[in-house]
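For reference, the structure is listed below as structure tokens.
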Amino acid sequence: MRSVTFVENVELEFEGNLLSNDVILGDVNNDGEHELVVGNVEGDLSIFKGDCVSAWARCTGLGMITCVGIGDVFNKLKNVVVTVNAEGWCNIFQFNSEEKKPKEMVPCHTQHLAANIKMMLIDDVDGDGMYELVVGHTDRVIRAYKWMAINEADSSKPSSGSLRLMQMWEPAGQIGSIALHHHDGIPKLVASQPGFCYVELKCNWVEDGKEKPKNENSVLIVTHAISSVKARNSSITTEISGHLSQGTSVVDEHKSQPDKFVLSSLDGNLMMIQEDKMVWSYKLDHQLFSLTTLDITGDGKDEVLCCAWNGLTYIADQDNNIANFRFEGNVSAFCAGKYTIDGQTNPCLVYATFDSKIYVYYNVKLPRINTINLFDLLESDDDYLEALRRRGIDATDKAAQARLIRQVLYGSGSSPGT
């Protein structure tokens with residue numbers, strides 16, 4: 001395993017205690033640029049934009065914020081910011097992309113949901129082309145909501161309506177995280193369970209895109225146990241991250257090959273799964289509390305990123321190669337995604353520490369995850385091959401090439417053993 005270093009970072013001004021799902025990246029005002037949204041248990045919500053260390057927008061008095069989300073909840077092709085506090089109050093914020101800075105940050109919709117929500121997912125979980133809000137609770141309950149609009153006459157104004165409860169599931173174990181992956185082009189809502197297991201949550205409120213009566217006798221929860229000699233602790237907390245991009249178009253990817261997703265556990269296990277079979281696994285030496293995916297090599301394929309409480313971050317590609325980056329400090333929350341600075345949107349890593357500091361490592365890019373020797377790198381370089389030809393060196397003669405490289409790097413008098 002090799003170590004990598006990222007240098008470019010900005011430290012943001014933020015106070016208060018964070019929970020692990022209180023940090024997220026996304027385009028909050030639909031201007032094509034990505035921002036950072038942070039909430040805390042004191043009820044403060046801050047949005048950071050660019051390299052400015054102070055918040056671009058801020059709202060207070062939201063209660064103990066347990067999770068934040070960004071997505072098209074209103075299904076108007078525009079993102080909104082969603083916060084939920086421990087008492088179940090859901091606040092939705094909508095921004096105008098034409099405003100350089102919002103005059104005031106107030107919710108456009110507030111609604112009371114069930115209490116003790118600790119995570120959320122905004123995505124099309126039933127395949128009808130409309131986004132749903134799925135939340136996970138500390139009491140092992142998962143609920144799915146859909147926005148039901150009352151008046152759509154003026155699309156420029158916040159929607160009038162409410163979040164309607166569509167379905168509720170209650171898995172057997174505590175929920176680590178919820179995610180979405182696809183099988184044969186069909187979205188599958190999944191939730192991680194203790195002991196390297198996950199459950200598939202079936203949506204029975206739609207059929208062929210149309211709402212249908214609920215069938216209480218249908219099987220709504222399907223348990224998938226991943227068999228592995230490394231997953232022996234049946235009570236260890238497990239995280240899941242869904243659909244990994246495999247470098248093809250979304251349509252081709254869903255049809256041509258089974259979806260991949262990853263599981264991680266608090267005792268340091270990391271595993272990639274495809275069709276309920278282990279593709280690869282690692283046993284790491286640190287407690288992994290956060291798991292996500294992001295393309296940091298620029299090849300269209302997502303890498304797996306998992307973070308430990310001490311700041312050590314592991315980066316794994318889909319071909320069983322792994323690297324690590326050490327953030328110097330203990331971490332209370334971590335996320336990875338795209339962030340925009342100076343008009344450039346690039347991959348970034350976000351670390352929130354226990355001493356009320358947030359660090360954004362931007363422009364996080366690697367040419368590859370795996371290690372490569374100099375010969376492998378040079379054999380595809382036309383200038384190098386031409387230099388070998390001029391010197392009469394065979395491209396397959398590694399010893400002669402090694403002598404040539406020593407002469408170039410260390411001088412003509414260097415001996416082969418130098």
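Here's how to read the names in the structure tokens: chain A, B, ... by the order shown, residue numbers from 1 in each chain, ligand numbers from 1 in the order shown.
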What lies within 8 Å of Asp72 in chain A using only C-alpha atoms, ignoring chain neighbours under 5 positions off, as a ChimeraX atom specification?
/A:77-80,122,131
Quick one: write out the picked residues with C-alpha atoms as a compact mmCIF listing (two decimals), in the first residue's frame?
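The resulting file, out-v7.txt, is shown below:
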```
# COMPACT_ATOMS: atom_id res chain seq x y z
CA LEU A 77 -34.95 19.99 -11.80
CA LYS A 78 -33.55 22.25 -9.09
CA ASN A 79 -31.60 21.25 -6.01
CA VAL A 80 -32.64 22.29 -2.52
CA ILE A 122 -32.43 11.94 -1.90
CA TYR A 131 -37.00 11.88 -6.47
```
Name all residues at most 7 Å from Asn9 in chain A (count only C-alpha atoms; drop same-chain ones fewer than 3 positions away) and give them as a list in words.
Tyr359, Val360, Tyr361 and Tyr362 of chain A
Please produce, as JSON lines, a per-residue contact table for range 2-86 of chain A versus range 280-295 of chain A (criterion: any atom at most 12 Å away, only C-alpha atoms considered), showing the nearest atom pair and its distance in Å to one decimal, sorted by chain then residue number.
```
{"residue": "A:Leu19", "atom": "CA", "partner": "A:Ser290", "partner_atom": "CA", "distance": 11.4}
{"residue": "A:Ser20", "atom": "CA", "partner": "A:Ser290", "partner_atom": "CA", "distance": 7.7}
{"residue": "A:Asn21", "atom": "CA", "partner": "A:Ser290", "partner_atom": "CA", "distance": 9.2}
{"residue": "A:Val23", "atom": "CA", "partner": "A:Ser290", "partner_atom": "CA", "distance": 11.5}
{"residue": "A:Ile24", "atom": "CA", "partner": "A:Thr292", "partner_atom": "CA", "distance": 11.3}
{"residue": "A:Leu25", "atom": "CA", "partner": "A:Leu294", "partner_atom": "CA", "distance": 11.9}
```
Go ahead and save the picked residues with N, CA, C and O atoms, as a compact mmCIF listing (two decimals), in the first residue's frame.
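Listed below is the output, again_18.txt:
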```
# COMPACT_ATOMS: atom_id res chain seq x y z
N LEU A 19 -22.19 15.96 13.79
CA LEU A 19 -22.41 14.52 13.69
C LEU A 19 -21.90 14.05 12.33
O LEU A 19 -21.64 14.85 11.43
N SER A 20 -21.77 12.76 12.16
CA SER A 20 -21.10 12.23 10.97
C SER A 20 -21.85 12.50 9.67
O SER A 20 -21.25 12.50 8.59
N ASN A 21 -23.16 12.76 9.73
CA ASN A 21 -23.95 13.03 8.52
C ASN A 21 -24.32 14.50 8.38
O ASN A 21 -25.29 14.84 7.69
N VAL A 23 -22.32 16.88 7.09
CA VAL A 23 -21.48 17.54 6.09
C VAL A 23 -21.79 16.93 4.73
O VAL A 23 -21.83 15.71 4.58
N ILE A 24 -22.00 17.79 3.71
CA ILE A 24 -22.30 17.30 2.37
C ILE A 24 -21.87 18.33 1.34
O ILE A 24 -21.83 19.53 1.62
N LEU A 25 -21.54 17.86 0.15
CA LEU A 25 -21.14 18.71 -0.98
C LEU A 25 -22.18 18.61 -2.08
O LEU A 25 -22.75 17.54 -2.33
```
DSSP on the backbone, then: every residue of range 292-377 of chain A marked alpha helix (DSSP H), written as a PyMOL selection string.
chain A and resi 374-377
I'd like a table as CSV: residues in range 38-67 of chain A with an atom no more than 12 Å from range 315-338 of chain A, each row giving the shortest atom pair and its distance in Å to one decimal, only C-alpha atoms counted, sorted by chain and rising residue number.
```
residue,atom,partner,partner_atom,distance
A:Val38,CA,A:Ala333,CA,10.1
A:Gly39,CA,A:Ala333,CA,10.9
A:Asn40,CA,A:Ala333,CA,10.8
A:Lys49,CA,A:Lys338,CA,11.9
A:Gly50,CA,A:Lys338,CA,11.5
A:Thr66,CA,A:Ala333,CA,11.8
A:Cys67,CA,A:Ala333,CA,11.2
```
Using only C-alpha atoms, determine which residues lie at most 6 Å from range 193-205 of chain A, disregarding the query and same-chain residues fewer than 5 positions distant; provide the list as a ChimeraX atom specification.
/A:173,175,211-212,214,220-226,233-238
Write the residues you've just listed into a file as a compact mmCIF listing (two decimals), in the first residue's frame, and include N, CA, C and O atoms for each of them.
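Below is the file that was written, part_18.txt:
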```txt
# COMPACT_ATOMS: atom_id res chain seq x y z
N GLY A 173 -31.67 -5.23 12.33
CA GLY A 173 -30.54 -4.64 13.03
C GLY A 173 -30.46 -3.14 12.86
O GLY A 173 -31.19 -2.52 12.07
N ILE A 175 -29.28 0.42 11.62
CA ILE A 175 -28.96 0.87 10.26
C ILE A 175 -27.65 1.63 10.28
O ILE A 175 -27.50 2.61 11.01
N GLU A 211 -48.93 4.60 -9.08
CA GLU A 211 -49.18 4.26 -7.68
C GLU A 211 -50.22 3.16 -7.59
O GLU A 211 -51.20 3.13 -8.33
N LYS A 212 -49.98 2.22 -6.69
CA LYS A 212 -50.89 1.10 -6.54
C LYS A 212 -51.18 0.89 -5.06
O LYS A 212 -50.44 1.35 -4.18
N LYS A 214 -51.16 -0.65 -1.41
CA LYS A 214 -50.13 -1.38 -0.69
C LYS A 214 -50.58 -2.82 -0.42
O LYS A 214 -51.72 -3.08 -0.08
N LEU A 220 -41.15 -7.14 1.81
CA LEU A 220 -40.59 -5.81 1.60
C LEU A 220 -39.13 -5.72 1.98
O LEU A 220 -38.45 -4.79 1.58
N ILE A 221 -38.63 -6.66 2.79
CA ILE A 221 -37.24 -6.63 3.25
C ILE A 221 -36.59 -7.96 2.93
O ILE A 221 -37.06 -9.02 3.36
N VAL A 222 -35.53 -7.91 2.14
CA VAL A 222 -34.79 -9.12 1.77
C VAL A 222 -33.38 -8.99 2.33
O VAL A 222 -32.66 -8.05 2.00
N THR A 223 -32.99 -9.93 3.16
CA THR A 223 -31.68 -9.89 3.82
C THR A 223 -30.64 -10.56 2.94
O THR A 223 -30.86 -11.66 2.41
N HIS A 224 -29.48 -9.89 2.81
CA HIS A 224 -28.35 -10.44 2.06
C HIS A 224 -27.17 -10.56 3.01
O HIS A 224 -26.66 -9.53 3.50
N ALA A 225 -26.75 -11.75 3.30
CA ALA A 225 -25.60 -11.99 4.17
C ALA A 225 -24.39 -12.27 3.30
O ALA A 225 -24.41 -13.20 2.49
N ILE A 226 -23.35 -11.49 3.45
CA ILE A 226 -22.13 -11.67 2.67
C ILE A 226 -21.23 -12.65 3.40
O ILE A 226 -20.75 -12.38 4.51
N ASN A 233 -17.65 -10.76 13.40
CA ASN A 233 -18.37 -10.06 14.45
C ASN A 233 -19.76 -9.71 13.96
O ASN A 233 -19.93 -8.85 13.10
N SER A 234 -20.77 -10.37 14.47
CA SER A 234 -22.13 -10.18 13.98
C SER A 234 -22.78 -8.90 14.45
O SER A 234 -23.86 -8.54 13.99
N SER A 235 -22.12 -8.17 15.36
CA SER A 235 -22.72 -6.94 15.89
C SER A 235 -21.96 -5.69 15.50
O SER A 235 -22.34 -4.59 15.90
N ILE A 236 -20.92 -5.81 14.68
CA ILE A 236 -20.11 -4.66 14.34
C ILE A 236 -20.85 -3.76 13.36
O ILE A 236 -21.54 -4.22 12.45
N THR A 237 -20.73 -2.45 13.57
CA THR A 237 -21.40 -1.47 12.71
C THR A 237 -20.85 -1.54 11.29
O THR A 237 -19.64 -1.61 11.07
N THR A 238 -21.76 -1.51 10.32
CA THR A 238 -21.39 -1.63 8.91
C THR A 238 -21.94 -0.45 8.12
O THR A 238 -23.06 0.00 8.36
```
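Note that CA of Val135 in chain A and CA of Trp169 in chain A are 10.5 Å apart.
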Between CA of Gly61 in chain A and CA of Glu87 in chain A, what is the spacing in Å?
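Spanning CA of Glu87 in chain A to CA of Gly61 in chain A is a straight-line distance of 13.0 Å.
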When you draw a straight line from CA of Pro171 in chain A to CA of Asp276 in chain A, how long is it in Å?
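According to the coordinates, CA of Pro171 in chain A and CA of Asp276 in chain A are separated by 18.5 Å.
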Which of range 31-167 of chain A DSSP labels strand (DSSP E), written as a PyMOL selection string
chain A and resi 35-39+45-48+57-59+65-71+80-85+89-93+109-112+117-123+132-137+142-151+160-167
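In terms of minimum interatomic distance to Asp342 in chain A, A:Cys52 ranks closest within A:Tyr314, A:Asp22, A:Arg2, A:Cys52, counting only C-alpha atoms.
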Between A:Leu12, A:Val279, A:Leu18, A:Val68, which residue has the minimum interatomic distance to Phe48 in chain A, considering only C-alpha atoms?
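Of all the options, A:Leu12 lies closest to Phe48 in chain A.
You can rank A:Asn310, A:Ser245, A:Thr345, A:Asp302 by their closest distance to Asp27 in chain A using only C-alpha atoms, and at the top of that list sits A:Thr345.
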Between A:Met130, A:Cys307, A:Leu121, A:Leu165, which residue has the minimum interatomic distance to Ala191 in chain A, considering only C-alpha atoms?
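Selected residue with least distance to Ala191 in chain A: A:Leu121.
The shortest atom-to-atom distance to Ser241 in chain A, with only C-alpha atoms taken into account, belongs to A:Ala179 out of A:Met1, A:Ala179, A:Ile150, A:Leu266.
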Contact residues around range 259-261 of chain A with only C-alpha atoms at 7 Å, ignoring same-chain residues under 2 positions, as a VMD selection string
chain A and resid 181 to 183 241 to 244 257 272 to 274
Quick one: everything within 10 Å of Phe74 in chain A, counting only C-alpha atoms, minus sequence neighbours fewer than 3 positions away in the same chain. Send it as a list in words.
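Returned residues: Gly71, Leu77, Lys78, Asn79, Val80, Ile92, Gln94, Met130, Tyr131, Glu132, Lys146, Trp147, Met148, Ala149, Pro158, Ser159, Ser160, Gly161, Ser162 and Leu163 of chain A.
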Go ahead and save the residues from that selection, with N, CA and C atoms, as a PDB file, in the first residue's frame.
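Saved the output as part_2.pdb:
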```pdb
ATOM      1  N   GLY A  71     -30.609  17.870  -2.963  1.00  0.00           N
ATOM      2  CA  GLY A  71     -31.238  17.125  -4.043  1.00  0.00           C
ATOM      3  C   GLY A  71     -32.507  17.787  -4.521  1.00  0.00           C
ATOM      4  N   LEU A  77     -36.281  19.914 -11.182  1.00  0.00           N
ATOM      5  CA  LEU A  77     -34.954  19.995 -11.798  1.00  0.00           C
ATOM      6  C   LEU A  77     -34.102  21.060 -11.144  1.00  0.00           C
ATOM      7  N   LYS A  78     -34.335  21.300  -9.857  1.00  0.00           N
ATOM      8  CA  LYS A  78     -33.546  22.252  -9.091  1.00  0.00           C
ATOM      9  C   LYS A  78     -33.239  21.669  -7.717  1.00  0.00           C
ATOM     10  N   ASN A  79     -31.986  21.762  -7.322  1.00  0.00           N
ATOM     11  CA  ASN A  79     -31.599  21.255  -6.013  1.00  0.00           C
ATOM     12  C   ASN A  79     -32.094  22.164  -4.894  1.00  0.00           C
ATOM     13  N   VAL A  80     -32.355  21.565  -3.755  1.00  0.00           N
ATOM     14  CA  VAL A  80     -32.645  22.289  -2.520  1.00  0.00           C
ATOM     15  C   VAL A  80     -31.793  21.691  -1.414  1.00  0.00           C
ATOM     16  N   ILE A  92     -36.514  22.834   4.575  1.00  0.00           N
ATOM     17  CA  ILE A  92     -36.049  22.833   3.190  1.00  0.00           C
ATOM     18  C   ILE A  92     -35.729  24.264   2.777  1.00  0.00           C
ATOM     19  N   GLN A  94     -34.422  26.809  -0.390  1.00  0.00           N
ATOM     20  CA  GLN A  94     -34.304  26.947  -1.839  1.00  0.00           C
ATOM     21  C   GLN A  94     -33.595  28.258  -2.155  1.00  0.00           C
ATOM     22  N   MET A 130     -38.998  10.314 -10.505  1.00  0.00           N
ATOM     23  CA  MET A 130     -39.204  11.354  -9.492  1.00  0.00           C
ATOM     24  C   MET A 130     -38.359  11.023  -8.261  1.00  0.00           C
ATOM     25  N   TYR A 131     -37.859  12.079  -7.626  1.00  0.00           N
ATOM     26  CA  TYR A 131     -36.997  11.883  -6.473  1.00  0.00           C
ATOM     27  C   TYR A 131     -37.827  11.697  -5.203  1.00  0.00           C
ATOM     28  N   GLU A 132     -37.311  10.839  -4.329  1.00  0.00           N
ATOM     29  CA  GLU A 132     -37.900  10.624  -3.008  1.00  0.00           C
ATOM     30  C   GLU A 132     -36.888  11.005  -1.925  1.00  0.00           C
ATOM     31  N   LYS A 146     -42.355  11.305  -0.394  1.00  0.00           N
ATOM     32  CA  LYS A 146     -42.370  11.933  -1.714  1.00  0.00           C
ATOM     33  C   LYS A 146     -43.116  13.257  -1.616  1.00  0.00           C
ATOM     34  N   TRP A 147     -42.589  14.254  -2.343  1.00  0.00           N
ATOM     35  CA  TRP A 147     -43.213  15.567  -2.315  1.00  0.00           C
ATOM     36  C   TRP A 147     -44.505  15.553  -3.135  1.00  0.00           C
ATOM     37  N   MET A 148     -45.578  15.978  -2.505  1.00  0.00           N
ATOM     38  CA  MET A 148     -46.875  16.092  -3.160  1.00  0.00           C
ATOM     39  C   MET A 148     -47.236  17.562  -3.251  1.00  0.00           C
ATOM     40  N   ALA A 149     -47.177  18.111  -4.472  1.00  0.00           N
ATOM     41  CA  ALA A 149     -47.410  19.538  -4.670  1.00  0.00           C
ATOM     42  C   ALA A 149     -48.904  19.834  -4.741  1.00  0.00           C
ATOM     43  N   PRO A 158     -41.239  28.630  -4.364  1.00  0.00           N
ATOM     44  CA  PRO A 158     -41.185  27.335  -3.685  1.00  0.00           C
ATOM     45  C   PRO A 158     -42.511  26.593  -3.791  1.00  0.00           C
ATOM     46  N   SER A 159     -42.428  25.313  -3.917  1.00  0.00           N
ATOM     47  CA  SER A 159     -43.632  24.510  -4.085  1.00  0.00           C
ATOM     48  C   SER A 159     -44.533  24.595  -2.863  1.00  0.00           C
ATOM     49  N   SER A 160     -45.838  24.573  -3.120  1.00  0.00           N
ATOM     50  CA  SER A 160     -46.819  24.443  -2.058  1.00  0.00           C
ATOM     51  C   SER A 160     -47.220  22.980  -1.995  1.00  0.00           C
ATOM     52  N   GLY A 161     -47.059  22.397  -0.861  1.00  0.00           N
ATOM     53  CA  GLY A 161     -47.362  20.992  -0.712  1.00  0.00           C
ATOM     54  C   GLY A 161     -46.732  20.444   0.539  1.00  0.00           C
ATOM     55  N   SER A 162     -46.505  19.157   0.571  1.00  0.00           N
ATOM     56  CA  SER A 162     -45.921  18.535   1.756  1.00  0.00           C
ATOM     57  C   SER A 162     -45.277  17.214   1.374  1.00  0.00           C
ATOM     58  N   LEU A 163     -44.457  16.714   2.274  1.00  0.00           N
ATOM     59  CA  LEU A 163     -43.841  15.411   2.110  1.00  0.00           C
ATOM     60  C   LEU A 163     -44.826  14.350   2.591  1.00  0.00           C
TER      61      LEU A 163
END
```
